[in-house]
Amino acid sequence: MKKYKAPASSLKSRSRAEPAVPTKSATPKLAGALIAAFVLTLLMIRIPKEVVTTNLDPSWGGVLVYAREKRLQFGTDIVFTYGPLGYLAIQWFTGHAPGLRMLFDLPLDFGIAAGVCLIAWRTGVYWRTFLLGVFVLLPATIRPGMIDVPLSIGLFSWALLCFVESGPRVRLFAGILAAFAIVGSMMKFTFLVMALITISATAANFALRGKKWLGCGLVAAYLTASFCAWVLLGQNPLHLGAYLQSSIALSAGYQSAMGHPFVPSVWVAGLITAILALAIAVIRSLAADEALAGGLRLRRSVFLAWVFCILFLDWKHGFLRAKSDLWTGFVAFVAPALEALPVPDARRAASWLARACAISCCLVALMMEKNKDPAHFRNFAVVEAARFGDNVRALLNPPGYAREMNKKLDTTRARAQLPKLRESIGRATVDVFGQSQAYALFNDLNYRPRPVFQSYFAFNSALMEANERAFASNAAPEFVLFNFEAIDGRFPPLEDARVLRTLLSDYTLVGAEAPFLLLKHQTSSVPRMTLLREGVVRPDEPISVGEYGDVDLWLEISLAPSMEGRLRQAIYKPTEVYLAVWGQSTAQAAMFRAPVPMLAAGFLASPVLLRNQDIVELYTGSTIHHPGGYAIHLQPGSANLWQDLIQYRLYRLDVKLGRNSLPLPLPMKSPRP
């Protein structure tokens, strides 16, 4: 591979003084890089190809657009992983300002592609081809429409350019990095954390290179512009603290509640790619320095700490919910992109070792993606050529694109109509219990979401209490569209358990239209409970509740990880925990997934409610099922990751749930479960 002389601004410099202009051999051929970036942009631009539906993920996308239209406040009115600019990050067409979406996506995706190409053009022609080829195969084309991988790569690319660039262009690169950091911070809390780490590391590097004013200016520009963006997006400055606090609670709960089953082969392959990527960073940063002088030790430490933190954040994000393609797409770019760190000819062996690690890392990442999604590589050229053509047509004819997508959206909206419930609700306020909030939007209801607006997202006590306070306030909705569904095989009463308790005590059943029951606000009560007993059990040891008959019960179960379990959670994710539910006969037990923080927050233990039909029977006083007991079942081989003793508290609810219902105005028909 063609070698080039490293610029004095690289990590190998002895002196803090830098040339005003980089050496000729290190100067990227700007025109070629920008042309390639333009072509990449047409391939990867996030023009939505699907419309928002009533399914779980599209529903939260629709709520983000609704929050923008109604100027809801993030951190108070809305508690979610996305921020006030998140409505431009979703991958579904909602009909909201499609022209604005294109005007936003085009420069954003071009900026990402430009960063990738500028890094590629700092390498030799063969490595440049390899890097761009891997980028097209994975990051640019997996999960089309999702912003996670491209924006992470954009932040990484421009920060890496700031680390290796010198001369006047470094100020331009720093400004572009700040712009990416600001946009990412307003989009999603994950990007906010990544942006803070990246801006801090880049500013520290500038300071160690003798560019203290540039480093300080970068931090000041990022913080000031982020605050201004928060205000310009209609957010109250006083709510910024609440947004950060709630986002931290969400992130902690997400790790504990949203993990998918452990797949050893995927985890091992992912660990190999992580080790290889870190090895490349270490090899190149060490080989790039001829001597430790003038603060270079600190510069190397800053660089390695930044790479480690960014990889770790993406590792956690990618493997927590079995979305390993988010990890493979990112690491498959980072590994070869580190070639931009120049290594002197005297250390060619180190350079070739780093390249071997990069090639190995990319091959493992490609195999991981092939095993996860074989269709991604099947007819790849044909599929991506068609997508390229669709993107070009949409950009050349935005009105035609909008008309086509609006027709699809109208079809979806027609299928989601609830004429009977809409007539009953009128213009009264309404919330949606469950995961299908798009029904409220498609029916033009006066939607008033609780803070954690999707039930499965109320991961822990803090988030459940935020929702409970909303229902206890004057802002409580008059009606609730209720659909009792749980994700990932969870025990249904665990999801938003305290709001469920409030609904069954303060709301009455007044109607039904598949897939919803309609609940109407009747009274406002303060939840009161009486402690019946508390104790400790071991895994698979039952907590008996059958002796209490038809008494309404609330149960809180607390599991604590062992030291080994805490370490596993820190670097990966918790193991699966299951809740066994017995009827009056211990011969039969149903097994449900049960996130540990949801168990600790408590749930309705008796009666047993699993579907809409059980809610109807509770309100109508027909068949009501009471359990015999509960037990915690651990995933095989994971007993050493949890402490042996499990604490529990059993309470009696001092209000009879569902028994204070008003007479139904019409015969009830059981909706589809």
# chains A, B, ... in the order shown; residues from 1 in each chain; ligands from 1
$ closest_atom_pairs --of "stretch 95-127 of chain A" --to "stretch 341-344 of chain A" --cutoff "12 Å" --atoms "only C-alpha atoms" --output "JSON lines"
{"residue": "A:Ile119", "atom": "CA", "partner": "A:Leu341", "partner_atom": "CA", "distance": 9.6}
{"residue": "A:Ala120", "atom": "CA", "partner": "A:Leu341", "partner_atom": "CA", "distance": 11.4}
{"residue": "A:Arg122", "atom": "CA", "partner": "A:Pro342", "partner_atom": "CA", "distance": 8.9}
{"residue": "A:Thr123", "atom": "CA", "partner": "A:Pro342", "partner_atom": "CA", "distance": 8.7}
{"residue": "A:Gly124", "atom": "CA", "partner": "A:Pro342", "partner_atom": "CA", "distance": 11.0}
$ residues_around --residues "stretch 582-584 of chain A" --least-positions-apart "2" --cutoff "7 Å" --atoms "only C-alpha atoms" --output "JSON, numbers by chain"
{"A": [546, 580, 586, 588, 589, 590, 626, 627, 628, 629, 630]}
$ write_last_selection --atoms "C-alpha atoms" --output "compact mmCIF listing (two decimals), in the first residue's frame"
# COMPACT_ATOMS: atom_id res chain seq x y z
CA GLY A 546 -53.78 -18.46 47.89
CA ALA A 580 -43.73 -18.49 37.77
CA THR A 586 -49.39 -26.17 42.30
CA GLN A 588 -49.52 -26.19 36.87
CA ALA A 589 -47.49 -23.02 36.53
CA ALA A 590 -47.24 -20.37 33.84
CA HIS A 626 -56.94 -15.69 41.97
CA PRO A 627 -53.47 -17.24 42.10
CA GLY A 628 -52.07 -19.75 44.52
CA GLY A 629 -48.56 -18.35 44.55
CA TYR A 630 -45.56 -16.92 42.76
$ select_by_dssp --residues "stretch 73-194 of chain A" --states "strand (DSSP E or B)" --output "NGL selection string"
:A and (74 or 78 or 82 or 92-93 or 188)
$ write_last_selection --atoms "C-alpha atoms" --output "CSV table (one decimal), in the first residue's frame"
chain,number,residue,atom,x,y,z
A,74,PHE,CA,-39.5,16.8,27.3
A,78,ILE,CA,-42.8,13.5,27.7
A,82,TYR,CA,-35.5,10.7,22.2
A,92,TRP,CA,-41.5,6.4,9.2
A,93,PHE,CA,-43.4,8.8,7.1
A,188,LYS,CA,-31.5,11.3,21.5
$ closest_residue --among "A:Thr41, A:Ser247, A:Ser226, A:Thr523" --to "A:Val136" --atoms "only C-alpha atoms"
A:Thr41
$ residues_around --residues "A:Thr273" --least-positions-apart "4" --cutoff "12 Å" --atoms "only C-alpha atoms" --output "ChimeraX atom specification"
/A:266-269,277-280,311-312,315,324,327-336,357-368
$ closest_residue --among "A:Ala204, A:Ile142, A:Val536, A:Leu634" --to "A:Glu576" --atoms "only C-alpha atoms"
A:Leu634
$ decode --residues "stretch 508-521 of chain A" --atoms "C-alpha atoms" --output "short mmCIF file (atom, residue, chain, number, x, y, z; two decimals), in the first residue's frame"
data_model
loop_
_atom_site.label_atom_id
_atom_site.label_comp_id
_atom_site.auth_asym_id
_atom_site.auth_seq_id
_atom_site.Cartn_x
_atom_site.Cartn_y
_atom_site.Cartn_z
CA THR A 508 -64.98 2.52 35.03
CA LEU A 509 -65.50 0.36 31.95
CA VAL A 510 -67.89 2.06 29.53
CA GLY A 511 -67.29 0.49 26.12
CA ALA A 512 -65.18 -1.66 23.84
CA GLU A 513 -64.09 -1.71 20.24
CA ALA A 514 -61.30 -4.03 19.15
CA PRO A 515 -58.54 -3.93 20.16
CA PHE A 516 -59.45 -1.54 23.02
CA LEU A 517 -61.57 -1.30 26.11
CA LEU A 518 -62.75 2.21 26.95
CA LEU A 519 -62.29 3.34 30.56
CA LYS A 520 -63.80 6.54 31.94
CA HIS A 521 -62.63 8.53 34.93
#
